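*Asks:* Sending over my_file21.pdb (PDB, C-alpha atoms, pLDDT in the B column).
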```pdb
ATOM      1  CA  MET A  30     158.420  67.180 113.448  1.00 41.00           C
ATOM      2  CA  ALA A  31     158.242  70.280 115.696  1.00 43.00           C
ATOM      3  CA  LEU A  32     156.417  73.298 114.387  1.00 43.00           C
ATOM      4  CA  SER A  33     158.419  76.444 113.654  1.00 44.00           C
ATOM      5  CA  GLU A  34     157.958  79.543 115.811  1.00 42.00           C
ATOM      6  CA  ALA A  35     155.907  81.172 113.019  1.00 42.00           C
ATOM      7  CA  SER A  36     153.590  78.170 112.909  1.00 42.00           C
ATOM      8  CA  ARG A  37     153.133  78.240 116.656  1.00 42.00           C
ATOM      9  CA  GLY A  38     152.233  81.955 116.641  1.00 47.00           C
ATOM     10  CA  PRO A  39     148.748  83.428 116.896  1.00 47.00           C
ATOM     11  CA  LEU A  40     148.191  82.875 113.163  1.00 49.00           C
ATOM     12  CA  GLY A  41     149.468  79.318 113.057  1.00 52.00           C
ATOM     13  CA  PRO A  42     147.685  76.568 111.040  1.00 49.00           C
ATOM     14  CA  GLU A  43     144.958  75.998 113.650  1.00 49.00           C
ATOM     15  CA  ARG A  44     144.318  79.728 114.137  1.00 47.00           C
ATOM     16  CA  ARG A  45     144.296  80.465 110.407  1.00 47.00           C
ATOM     17  CA  GLY A  46     141.793  77.618 109.904  1.00 47.00           C
ATOM     18  CA  ARG A  47     139.477  79.146 112.479  1.00 46.00           C
ATOM     19  CA  VAL A  48     139.749  82.595 110.866  1.00 43.00           C
ATOM     20  CA  ARG A  49     138.893  81.184 107.414  1.00 44.00           C
ATOM     21  CA  TYR A  50     135.959  79.214 108.852  1.00 38.00           C
ATOM     22  CA  ARG A  51     134.536  82.261 110.618  1.00 41.00           C
ATOM     23  CA  ARG A  52     135.007  84.432 107.522  1.00 40.00           C
ATOM     24  CA  ALA A  53     133.191  81.883 105.350  1.00 38.00           C
ATOM     25  CA  ALA A  54     130.361  81.632 107.873  1.00 35.00           C
ATOM     26  CA  PHE A  55     130.074  85.424 108.017  1.00 37.00           C
ATOM     27  CA  MET A  56     129.989  85.697 104.203  1.00 36.00           C
ATOM     28  CA  GLY A  57     127.203  83.091 104.059  1.00 36.00           C
ATOM     29  CA  LEU A  58     125.112  84.802 106.717  1.00 35.00           C
ATOM     30  CA  PRO A  59     123.393  87.368 104.418  1.00 36.00           C
ATOM     31  CA  ALA A  60     122.187  84.587 102.086  1.00 35.00           C
ATOM     32  CA  LEU A  61     120.872  82.606 105.042  1.00 36.00           C
ATOM     33  CA  VAL A  62     119.060  85.639 106.436  1.00 34.00           C
ATOM     34  CA  ALA A  63     117.577  86.429 103.019  1.00 33.00           C
ATOM     35  CA  ALA A  64     116.327  82.852 102.598  1.00 35.00           C
ATOM     36  CA  ALA A  65     114.787  82.885 106.065  1.00 36.00           C
ATOM     37  CA  GLY A  66     113.131  86.202 105.255  1.00 36.00           C
ATOM     38  CA  LEU A  67     111.574  84.758 102.105  1.00 36.00           C
ATOM     39  CA  VAL A  68     110.142  81.865 104.090  1.00 39.00           C
ATOM     40  CA  VAL A  69     108.629  84.258 106.637  1.00 39.00           C
ATOM     41  CA  LEU A  70     107.244  86.606 103.979  1.00 39.00           C
ATOM     42  CA  THR A  71     105.713  83.736 102.044  1.00 39.00           C
ATOM     43  CA  ALA A  72     104.112  82.349 105.200  1.00 41.00           C
ATOM     44  CA  GLN A  73     102.674  85.773 105.976  1.00 42.00           C
ATOM     45  CA  GLY A  74     101.333  86.196 102.449  1.00 43.00           C
ATOM     46  CA  ALA A  75     103.501  89.266 101.842  1.00 39.00           C
ATOM     47  CA  LEU A  76     104.876  87.798  98.611  1.00 40.00           C
ATOM     48  CA  ALA A  77     102.829  87.419  95.456  1.00 41.00           C
ATOM     49  CA  ALA A  78     102.085  84.001  93.928  1.00 47.00           C
ATOM     50  CA  GLN A  79     104.460  81.326  95.146  1.00 72.00           C
ATOM     51  CA  PHE A  80     104.652  79.869  91.628  1.00 89.00           C
ATOM     52  CA  ALA A  81     103.942  80.969  88.057  1.00 95.00           C
ATOM     53  CA  ILE A  82     100.370  80.032  87.184  1.00 96.00           C
ATOM     54  CA  SER A  83      99.564  78.364  83.843  1.00 96.00           C
ATOM     55  CA  GLY A  84      96.885  80.939  83.100  1.00 96.00           C
ATOM     56  CA  MET A  85      94.324  78.184  82.433  1.00 97.00           C
ATOM     57  CA  PRO A  86      91.297  78.509  84.745  1.00 97.00           C
ATOM     58  CA  PHE A  87      89.867  75.394  86.371  1.00 98.00           C
ATOM     59  CA  THR A  88      86.570  74.689  88.094  1.00 98.00           C
ATOM     60  CA  VAL A  89      86.240  73.451  91.677  1.00 98.00           C
ATOM     61  CA  ALA A  90      82.877  72.354  93.057  1.00 98.00           C
ATOM     62  CA  ALA A  91      81.792  70.754  96.338  1.00 98.00           C
ATOM     63  CA  ASP A  92      78.509  69.950  98.026  1.00 98.00           C
ATOM     64  CA  SER A  93      79.818  71.543 101.212  1.00 98.00           C
ATOM     65  CA  LEU A  94      82.892  73.102 102.781  1.00 98.00           C
ATOM     66  CA  GLU A  95      83.428  73.413 106.530  1.00 98.00           C
ATOM     67  CA  GLY A  96      86.417  75.492 107.575  1.00 98.00           C
ATOM     68  CA  ARG A  97      88.155  76.854 110.667  1.00 98.00           C
ATOM     69  CA  GLY A  98      90.359  79.941 110.505  1.00 98.00           C
ATOM     70  CA  PHE A  99      88.979  81.762 107.453  1.00 98.00           C
ATOM     71  CA  GLY A 100      90.357  84.805 105.643  1.00 97.00           C
ATOM     72  CA  GLN A 101      89.811  86.478 102.280  1.00 97.00           C
ATOM     73  CA  PHE A 102      91.539  89.328 100.424  1.00 97.00           C
ATOM     74  CA  GLY A 103      92.614  90.420  96.957  1.00 95.00           C
ATOM     75  CA  GLY A 104      95.757  89.224  95.220  1.00 93.00           C
ATOM     76  CA  LEU A 105      97.590  89.176  91.894  1.00 93.00           C
ATOM     77  CA  ASP A 106      98.802  85.970  90.224  1.00 95.00           C
ATOM     78  CA  ASN A 107     101.504  85.965  87.555  1.00 95.00           C
ATOM     79  CA  MET A 108     102.072  83.673  84.579  1.00 96.00           C
ATOM     80  CA  ALA A 109     105.479  82.610  83.335  1.00 96.00           C
ATOM     81  CA  GLU A 110     107.088  85.157  81.025  1.00 95.00           C
ATOM     82  CA  GLY A 111     105.923  84.671  77.447  1.00 95.00           C
ATOM     83  CA  SER A 112     103.027  82.377  78.417  1.00 97.00           C
ATOM     84  CA  PRO A 113     100.726  81.692  75.429  1.00 96.00           C
ATOM     85  CA  ASN A 114      97.776  82.038  77.829  1.00 96.00           C
ATOM     86  CA  ALA A 115      98.553  85.641  78.728  1.00 96.00           C
ATOM     87  CA  GLY A 116      96.363  87.158  75.999  1.00 94.00           C
ATOM     88  CA  ASP A 117      95.873  90.870  76.719  1.00 94.00           C
ATOM     89  CA  THR A 118      96.255  90.453  80.495  1.00 93.00           C
ATOM     90  CA  GLY A 119      99.977  91.157  80.559  1.00 95.00           C
ATOM     91  CA  GLY A 120     100.390  87.769  82.221  1.00 96.00           C
ATOM     92  CA  GLN A 121      98.616  88.835  85.409  1.00 95.00           C
ATOM     93  CA  VAL A 122      95.262  87.818  86.906  1.00 96.00           C
ATOM     94  CA  LEU A 123      93.482  89.685  89.697  1.00 95.00           C
ATOM     95  CA  VAL A 124      92.181  87.056  92.126  1.00 96.00           C
ATOM     96  CA  ILE A 125      90.243  86.582  95.347  1.00 96.00           C
ATOM     97  CA  VAL A 126      92.518  84.760  97.774  1.00 96.00           C
ATOM     98  CA  THR A 127      90.600  82.527 100.178  1.00 97.00           C
ATOM     99  CA  ALA A 128      92.667  81.064 103.009  1.00 97.00           C
ATOM    100  CA  ILE A 129      91.429  78.439 105.477  1.00 97.00           C
ATOM    101  CA  ARG A 130      93.499  76.940 108.269  1.00 97.00           C
ATOM    102  CA  GLN A 131      91.590  73.617 108.377  1.00 98.00           C
ATOM    103  CA  ALA A 132      88.978  72.608 105.784  1.00 98.00           C
ATOM    104  CA  GLU A 133      86.738  69.625 105.055  1.00 98.00           C
ATOM    105  CA  LEU A 134      84.928  69.227 101.727  1.00 98.00           C
ATOM    106  CA  THR A 135      82.213  66.800 100.663  1.00 98.00           C
ATOM    107  CA  ASN A 136      81.895  65.496  97.109  1.00 98.00           C
ATOM    108  CA  LEU A 137      84.783  67.482  95.656  1.00 98.00           C
ATOM    109  CA  CYS A 138      85.102  67.866  91.888  1.00 98.00           C
ATOM    110  CA  GLN A 139      87.845  69.660  89.946  1.00 98.00           C
ATOM    111  CA  SER A 140      88.081  69.964  86.172  1.00 98.00           C
ATOM    112  CA  VAL A 141      90.125  71.819  83.555  1.00 98.00           C
ATOM    113  CA  GLU A 142      89.405  71.986  79.831  1.00 97.00           C
ATOM    114  CA  LEU A 143      92.185  70.676  77.625  1.00 95.00           C
ATOM    115  CA  GLY A 144      91.462  71.188  73.950  1.00 91.00           C
ATOM    116  CA  GLY A 145      87.873  69.948  73.821  1.00 91.00           C
ATOM    117  CA  THR A 146      88.140  67.389  76.625  1.00 97.00           C
ATOM    118  CA  PHE A 147      88.261  67.747  80.392  1.00 98.00           C
ATOM    119  CA  LEU A 148      90.730  66.418  82.929  1.00 98.00           C
ATOM    120  CA  LYS A 149      88.426  65.648  85.841  1.00 98.00           C
ATOM    121  CA  ILE A 150      89.222  64.764  89.460  1.00 98.00           C
ATOM    122  CA  THR A 151      86.685  63.662  92.061  1.00 98.00           C
ATOM    123  CA  ALA A 152      87.142  62.709  95.728  1.00 98.00           C
ATOM    124  CA  GLY A 153      85.239  62.592  99.012  1.00 97.00           C
ATOM    125  CA  ASP A 154      82.076  61.250  97.414  1.00 95.00           C
ATOM    126  CA  LYS A 155      81.752  57.986  99.348  1.00 96.00           C
ATOM    127  CA  GLY A 156      81.219  59.131 102.911  1.00 95.00           C
ATOM    128  CA  THR A 157      84.750  60.265 103.793  1.00 97.00           C
ATOM    129  CA  THR A 158      85.449  63.987 103.478  1.00 98.00           C
ATOM    130  CA  VAL A 159      88.386  65.605 101.727  1.00 98.00           C
ATOM    131  CA  LYS A 160      90.643  67.304 104.273  1.00 98.00           C
ATOM    132  CA  ALA A 161      93.087  70.163 103.771  1.00 98.00           C
ATOM    133  CA  SER A 162      95.305  72.187 106.083  1.00 97.00           C
ATOM    134  CA  GLY A 163      96.753  75.573 105.158  1.00 96.00           C
ATOM    135  CA  LEU A 164      94.412  75.723 102.159  1.00 96.00           C
ATOM    136  CA  THR A 165      94.473  78.737  99.824  1.00 96.00           C
ATOM    137  CA  THR A 166      92.581  79.206  96.564  1.00 96.00           C
ATOM    138  CA  ASP A 167      93.053  82.005  94.028  1.00 96.00           C
ATOM    139  CA  SER A 168      89.674  82.572  92.351  1.00 97.00           C
ATOM    140  CA  THR A 169      88.034  84.933  89.912  1.00 97.00           C
ATOM    141  CA  ASP A 170      84.492  83.750  90.667  1.00 98.00           C
ATOM    142  CA  ILE A 171      82.924  82.134  93.756  1.00 98.00           C
ATOM    143  CA  THR A 172      79.279  81.103  94.180  1.00 98.00           C
ATOM    144  CA  GLY A 173      77.261  79.095  96.693  1.00 97.00           C
ATOM    145  CA  LYS A 174      73.691  78.611  97.854  1.00 97.00           C
ATOM    146  CA  LEU A 175      74.665  79.362 101.444  1.00 96.00           C
ATOM    147  CA  ALA A 176      77.581  81.031 103.218  1.00 97.00           C
ATOM    148  CA  ALA A 177      77.652  81.201 107.029  1.00 98.00           C
ATOM    149  CA  PHE A 178      80.396  82.664 109.255  1.00 98.00           C
ATOM    150  CA  ASP A 179      81.110  82.779 112.985  1.00 98.00           C
ATOM    151  CA  ASN A 180      82.626  85.989 114.421  1.00 98.00           C
ATOM    152  CA  ILE A 181      83.286  87.550 111.038  1.00 98.00           C
ATOM    153  CA  GLU A 182      85.274  90.798 110.687  1.00 98.00           C
ATOM    154  CA  ILE A 183      84.796  92.665 107.393  1.00 98.00           C
ATOM    155  CA  GLY A 184      86.956  95.534 106.179  1.00 97.00           C
ATOM    156  CA  GLY A 185      90.074  94.818 108.198  1.00 97.00           C
ATOM    157  CA  ASP A 186      93.637  95.304 106.959  1.00 97.00           C
ATOM    158  CA  ALA A 187      94.539  91.830 105.685  1.00 96.00           C
ATOM    159  CA  SER A 188      98.139  92.194 106.856  1.00 96.00           C
ATOM    160  CA  THR A 189      96.897  92.119 110.472  1.00 97.00           C
ATOM    161  CA  PHE A 190      94.820  88.945 110.201  1.00 97.00           C
ATOM    162  CA  ASP A 191      95.444  86.187 112.752  1.00 97.00           C
ATOM    163  CA  LYS A 192      92.695  83.654 111.945  1.00 98.00           C
ATOM    164  CA  PRO A 193      93.634  82.351 108.440  1.00 97.00           C
ATOM    165  CA  PRO A 194      96.933  80.552 107.700  1.00 96.00           C
ATOM    166  CA  VAL A 195      98.304  83.478 105.653  1.00 94.00           C
ATOM    167  CA  LYS A 196      98.044  87.256 105.719  1.00 93.00           C
ATOM    168  CA  GLY A 197      97.361  89.649 102.883  1.00 93.00           C
ATOM    169  CA  PRO A 198      99.368  92.671 101.706  1.00 91.00           C
ATOM    170  CA  LEU A 199      99.596  95.758 103.902  1.00 93.00           C
ATOM    171  CA  GLY A 200      96.632  98.077 103.393  1.00 94.00           C
ATOM    172  CA  SER A 201      94.512  95.514 101.532  1.00 94.00           C
ATOM    173  CA  PHE A 202      90.798  95.166 102.279  1.00 96.00           C
ATOM    174  CA  GLY A 203      89.805  91.783 103.646  1.00 97.00           C
ATOM    175  CA  GLN A 204      87.605  89.743 105.933  1.00 98.00           C
ATOM    176  CA  GLN A 205      88.282  86.974 108.452  1.00 98.00           C
ATOM    177  CA  ALA A 206      86.172  84.681 110.619  1.00 98.00           C
ATOM    178  CA  ASP A 207      86.523  81.886 113.161  1.00 98.00           C
ATOM    179  CA  THR A 208      84.589  79.438 110.973  1.00 98.00           C
ATOM    180  CA  VAL A 209      82.996  79.277 107.529  1.00 98.00           C
ATOM    181  CA  THR A 210      80.311  77.007 106.061  1.00 98.00           C
ATOM    182  CA  LEU A 211      79.644  76.978 102.315  1.00 98.00           C
ATOM    183  CA  LYS A 212      76.946  74.933 100.585  1.00 98.00           C
ATOM    184  CA  ASP A 213      76.971  74.036  96.877  1.00 98.00           C
ATOM    185  CA  LEU A 214      80.322  75.747  96.469  1.00 98.00           C
ATOM    186  CA  ARG A 215      81.585  76.542  92.982  1.00 98.00           C
ATOM    187  CA  GLN A 216      84.814  78.367  92.118  1.00 98.00           C
ATOM    188  CA  THR A 217      86.721  79.414  89.024  1.00 98.00           C
ATOM    189  CA  ASN A 218      90.331  79.111  90.170  1.00 98.00           C
ATOM    190  CA  TYR A 219      93.790  79.839  88.842  1.00 97.00           C
ATOM    191  CA  ALA A 220      95.738  78.305  91.737  1.00 96.00           C
ATOM    192  CA  THR A 221      95.293  76.143  94.822  1.00 95.00           C
ATOM    193  CA  THR A 222      97.889  75.438  97.504  1.00 95.00           C
ATOM    194  CA  ALA A 223      97.775  73.476 100.750  1.00 95.00           C
ATOM    195  CA  ALA A 224     100.207  72.366 103.410  1.00 94.00           C
ATOM    196  CA  ARG A 225      98.445  68.991 103.319  1.00 96.00           C
ATOM    197  CA  PHE A 226      95.658  67.682 101.081  1.00 97.00           C
ATOM    198  CA  THR A 227      93.985  64.311 101.741  1.00 98.00           C
ATOM    199  CA  LEU A 228      91.752  62.997  98.932  1.00 98.00           C
ATOM    200  CA  PRO A 229      89.838  59.802  99.819  1.00 98.00           C
ATOM    201  CA  ASP A 230      88.339  57.775  96.934  1.00 97.00           C
ATOM    202  CA  LEU A 231      90.344  59.774  94.387  1.00 98.00           C
ATOM    203  CA  HIS A 232      89.350  59.334  90.735  1.00 98.00           C
ATOM    204  CA  MET A 233      91.170  61.119  87.906  1.00 97.00           C
ATOM    205  CA  THR A 234      90.026  60.699  84.301  1.00 97.00           C
ATOM    206  CA  PHE A 235      89.358  62.424  80.987  1.00 97.00           C
ATOM    207  CA  ALA A 236      85.690  63.283  80.448  1.00 97.00           C
ATOM    208  CA  SER A 237      83.457  64.945  77.884  1.00 96.00           C
ATOM    209  CA  GLU A 238      82.051  67.314  80.551  1.00 96.00           C
ATOM    210  CA  GLY A 239      83.597  69.195  83.449  1.00 97.00           C
ATOM    211  CA  CYS A 240      82.292  69.727  86.953  1.00 97.00           C
TER     212      CYS A 240
END
```
In structure tokens, how does this file's structure come out?
*Replies:*
Amino acid sequence: MALSEASRGPLGPERRGRVRYRRAAFMGLPALVAAAGLVVLTAQGALAAQFAISGMPFTVAADSLEGRGFGQFGGLDNMAEGSPNAGDTGGQVLVIVTAIRQAELTNLCQSVELGGTFLKITAGDKGTTVKASGLTTDSTDITGKLAAFDNIEIGGDASTFDKPPVKGPLGSFGQQADTVTLKDLRQTNYATTAARFTLPDLHMTFASEGC
């Protein structure tokens, strides 16, 4: 059947379909831009915690840590609203964010206390190191028998850092270095993230003592 003159006009079925498609694409553009912006901000460390922390601290220990692309600055982690672990903190914990582009750890141990017992994880204790890329830890306490850095910069604005995998907030005090070596590392952490985490000889169990 032949199309009518109105159908063959500039706003015929094909033309109207194109107009609706373009309008829908235009309306979806702001959401796409916003989502892309969130990805960029998260990658740059401009956003706060990427997830709500439980508010339960856990211990991480390692005989040694060797890292490339090191950075450190202050941050603020948030618990889920109404968390029973909030106490008088308001659901927020001030943390030291340590970011390492590539890290290797020997004899890694992680433990968290769960009502009188400990959930304990060990790895990298049989000759093959634990490896992590894009590693960040949010800590309230960090100790070690030795810390060594190559080409360290202390006191820089963390938002300008280019050595670690993430940047800190604008105006925040921080430090960065080409490499870091830590011996007998021990941390009290509230969060750990990594783009990739490889744990050889993994062992997870309940134990009477933590790390």
*Asks:* To one decimal in Å, tell me the separation between atom CA of A:Leu231 and atom CA of A:Pro86.
*Replies:*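 We find that atom CA of A:Leu231 and atom CA of A:Pro86 lie 21.1 Å from each other.
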*Asks:* Choose the residue, out of A:Thr165, A:Ser140, A:Thr146, A:Gln205, that has the smallest atom-to-atom separation from A:Ala220; count only C-alpha atoms.
*Replies:*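 The answer is A:Thr165, which sits nearest to A:Ala220.
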*Asks:* Which residue is closest to A:Ile82? Choose from A:Gly203, A:Tyr219, A:Gly104, A:Leu94 and count all atoms listed in the file.
*Replies:*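 Among the listed residues, A:Tyr219 lies closest to A:Ile82.
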*Asks:* What is the atom CA of A:Val159-atom CA of A:Asn107 distance in Å, reported with one decimal?
*Replies:*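 Straight-line distance from atom CA of A:Val159 to atom CA of A:Asn107 works out to 28.1 Å.
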*Asks:* Near A:Arg97, within 9 Å and counting only C-alpha atoms, which residues show up once chain neighbours fewer than 6 positions away are dropped, as a list in words?
*Replies:*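 In the requested form, the answer reads Ile129, Arg130, Gln131, Ala132, Lys192, Pro193, Ala206, Asp207, Thr208 and Val209 of chain A.
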*Asks:* Pick the closest to A:Thr210 from A:Thr234, A:Gln121, A:Thr135, A:Gln79: which is it, counting all atoms listed in the file?
*Replies:*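 Among the listed residues, the smallest separation from A:Thr210 belongs to A:Thr135.
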*Asks:* Applying the PyMOL selection byres ((chain A and resi 164) around 10) to the file I just gave you, which residues come out? Please list them as a count of residues only.
*Replies:* 23
*Asks:* Name the closest residue to A:Asp191 among the candidates A:Gln101, A:Asn114, A:Met85, A:Ser93; distances are taken between atoms, counting all atoms listed in the file.
*Replies:*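 Checking each of A:Gln101, A:Asn114, A:Met85, A:Ser93 against A:Asp191, counting all atoms listed in the file, the winner is A:Gln101.
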*Asks:* What's the 10 Å shell around A:Thr169, counting only C-alpha atoms, without same-chain residues fewer than 6 positions away, as JSON, numbers by chain?
*Replies:* {"A": [86, 122, 123, 124, 125, 126, 216, 217, 218, 219]}
*Asks:* For A:Gln204, which residue out of A:Gly103, A:Gly239, A:Gly120, A:Gly144 is the nearest one, using only C-alpha atoms?
*Replies:*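 Among the listed residues, the smallest separation from A:Gln204 belongs to A:Gly103.
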*Asks:* Can you tell me how far atom CA of A:Leu228 sits from atom CA of A:Gly98, in Å to one decimal?
*Replies:*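 Computed distance, atom CA of A:Leu228 to atom CA of A:Gly98, equals 20.6 Å.
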*Asks:* Please identify all polymer residues within 8 Å of A:Thr172, counting all atoms listed in the file, omitting same-chain residues fewer than 5 positions from it, and present them as a list of chain:residue names.
*Replies:*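 Non-adjacent residues within range: A:Asp213, A:Leu214, A:Arg215, A:Gln216.
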*Asks:* Which one is closest to A:Gly200: A:Leu148, A:Phe102, A:Glu95, A:Val89? Count only C-alpha atoms.
*Replies:*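 Counting only C-alpha atoms, the residue closest to A:Gly200 is A:Phe102.
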*Asks:* Could all heavy atoms be built for stretch 144-153 of chain A and written out as a CSV table (one decimal), in the coordinates of the input?
*Replies:*
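Output below, filename selection-v7.csv:
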```csv
chain,number,residue,atom,x,y,z
A,144,GLY,N,91.7,71.4,75.4
A,144,GLY,CA,91.5,71.2,74.0
A,144,GLY,C,90.3,70.4,73.6
A,144,GLY,O,90.4,69.4,72.8
A,145,GLY,N,89.1,70.7,74.2
A,145,GLY,CA,87.9,69.9,73.8
A,145,GLY,C,87.5,68.8,74.7
A,145,GLY,O,86.4,68.2,74.6
A,146,THR,N,88.4,68.4,75.6
A,146,THR,CA,88.1,67.4,76.6
A,146,THR,C,88.5,67.9,78.0
A,146,THR,O,89.1,69.0,78.1
A,146,THR,CB,88.9,66.1,76.4
A,146,THR,OG1,88.5,65.1,77.2
A,146,THR,CG2,90.4,66.3,76.6
A,147,PHE,N,88.1,67.3,79.0
A,147,PHE,CA,88.3,67.7,80.4
A,147,PHE,C,89.1,66.7,81.2
A,147,PHE,O,88.8,65.5,81.1
A,147,PHE,CB,86.9,68.0,81.1
A,147,PHE,CG,86.1,69.1,80.5
A,147,PHE,CD1,85.3,68.9,79.4
A,147,PHE,CD2,86.2,70.4,81.1
A,147,PHE,CE1,84.5,70.0,78.9
A,147,PHE,CE2,85.5,71.4,80.6
A,147,PHE,CZ,84.6,71.2,79.5
A,148,LEU,N,90.1,67.2,81.9
A,148,LEU,CA,90.7,66.4,82.9
A,148,LEU,C,89.9,66.6,84.2
A,148,LEU,O,89.8,67.8,84.7
A,148,LEU,CB,92.2,66.9,83.1
A,148,LEU,CG,93.0,66.1,84.2
A,148,LEU,CD1,93.0,64.6,84.0
A,148,LEU,CD2,94.4,66.7,84.4
A,149,LYS,N,89.4,65.5,84.7
A,149,LYS,CA,88.4,65.6,85.8
A,149,LYS,C,88.9,64.8,87.0
A,149,LYS,O,89.3,63.7,86.9
A,149,LYS,CB,87.1,65.2,85.4
A,149,LYS,CG,85.9,65.4,86.3
A,149,LYS,CD,84.6,65.0,85.7
A,149,LYS,CE,83.4,65.2,86.6
A,149,LYS,NZ,82.1,64.8,85.9
A,150,ILE,N,88.8,65.4,88.2
A,150,ILE,CA,89.2,64.8,89.5
A,150,ILE,C,88.1,64.8,90.4
A,150,ILE,O,87.5,65.9,90.6
A,150,ILE,CB,90.4,65.5,90.1
A,150,ILE,CG1,91.6,65.4,89.1
A,150,ILE,CG2,90.8,64.8,91.4
A,150,ILE,CD1,92.8,66.3,89.6
A,151,THR,N,87.7,63.7,91.0
A,151,THR,CA,86.7,63.7,92.1
A,151,THR,C,87.2,63.0,93.3
A,151,THR,O,88.1,62.1,93.2
A,151,THR,CB,85.4,62.9,91.6
A,151,THR,OG1,85.7,61.6,91.2
A,151,THR,CG2,84.8,63.6,90.4
A,152,ALA,N,86.7,63.3,94.5
A,152,ALA,CA,87.1,62.7,95.7
A,152,ALA,C,86.1,63.1,96.8
A,152,ALA,O,85.3,64.0,96.7
A,152,ALA,CB,88.5,63.2,96.1
A,153,GLY,N,86.1,62.3,97.9
A,153,GLY,CA,85.2,62.6,99.0
A,153,GLY,C,83.8,62.4,98.7
A,153,GLY,O,82.9,63.1,99.3
```
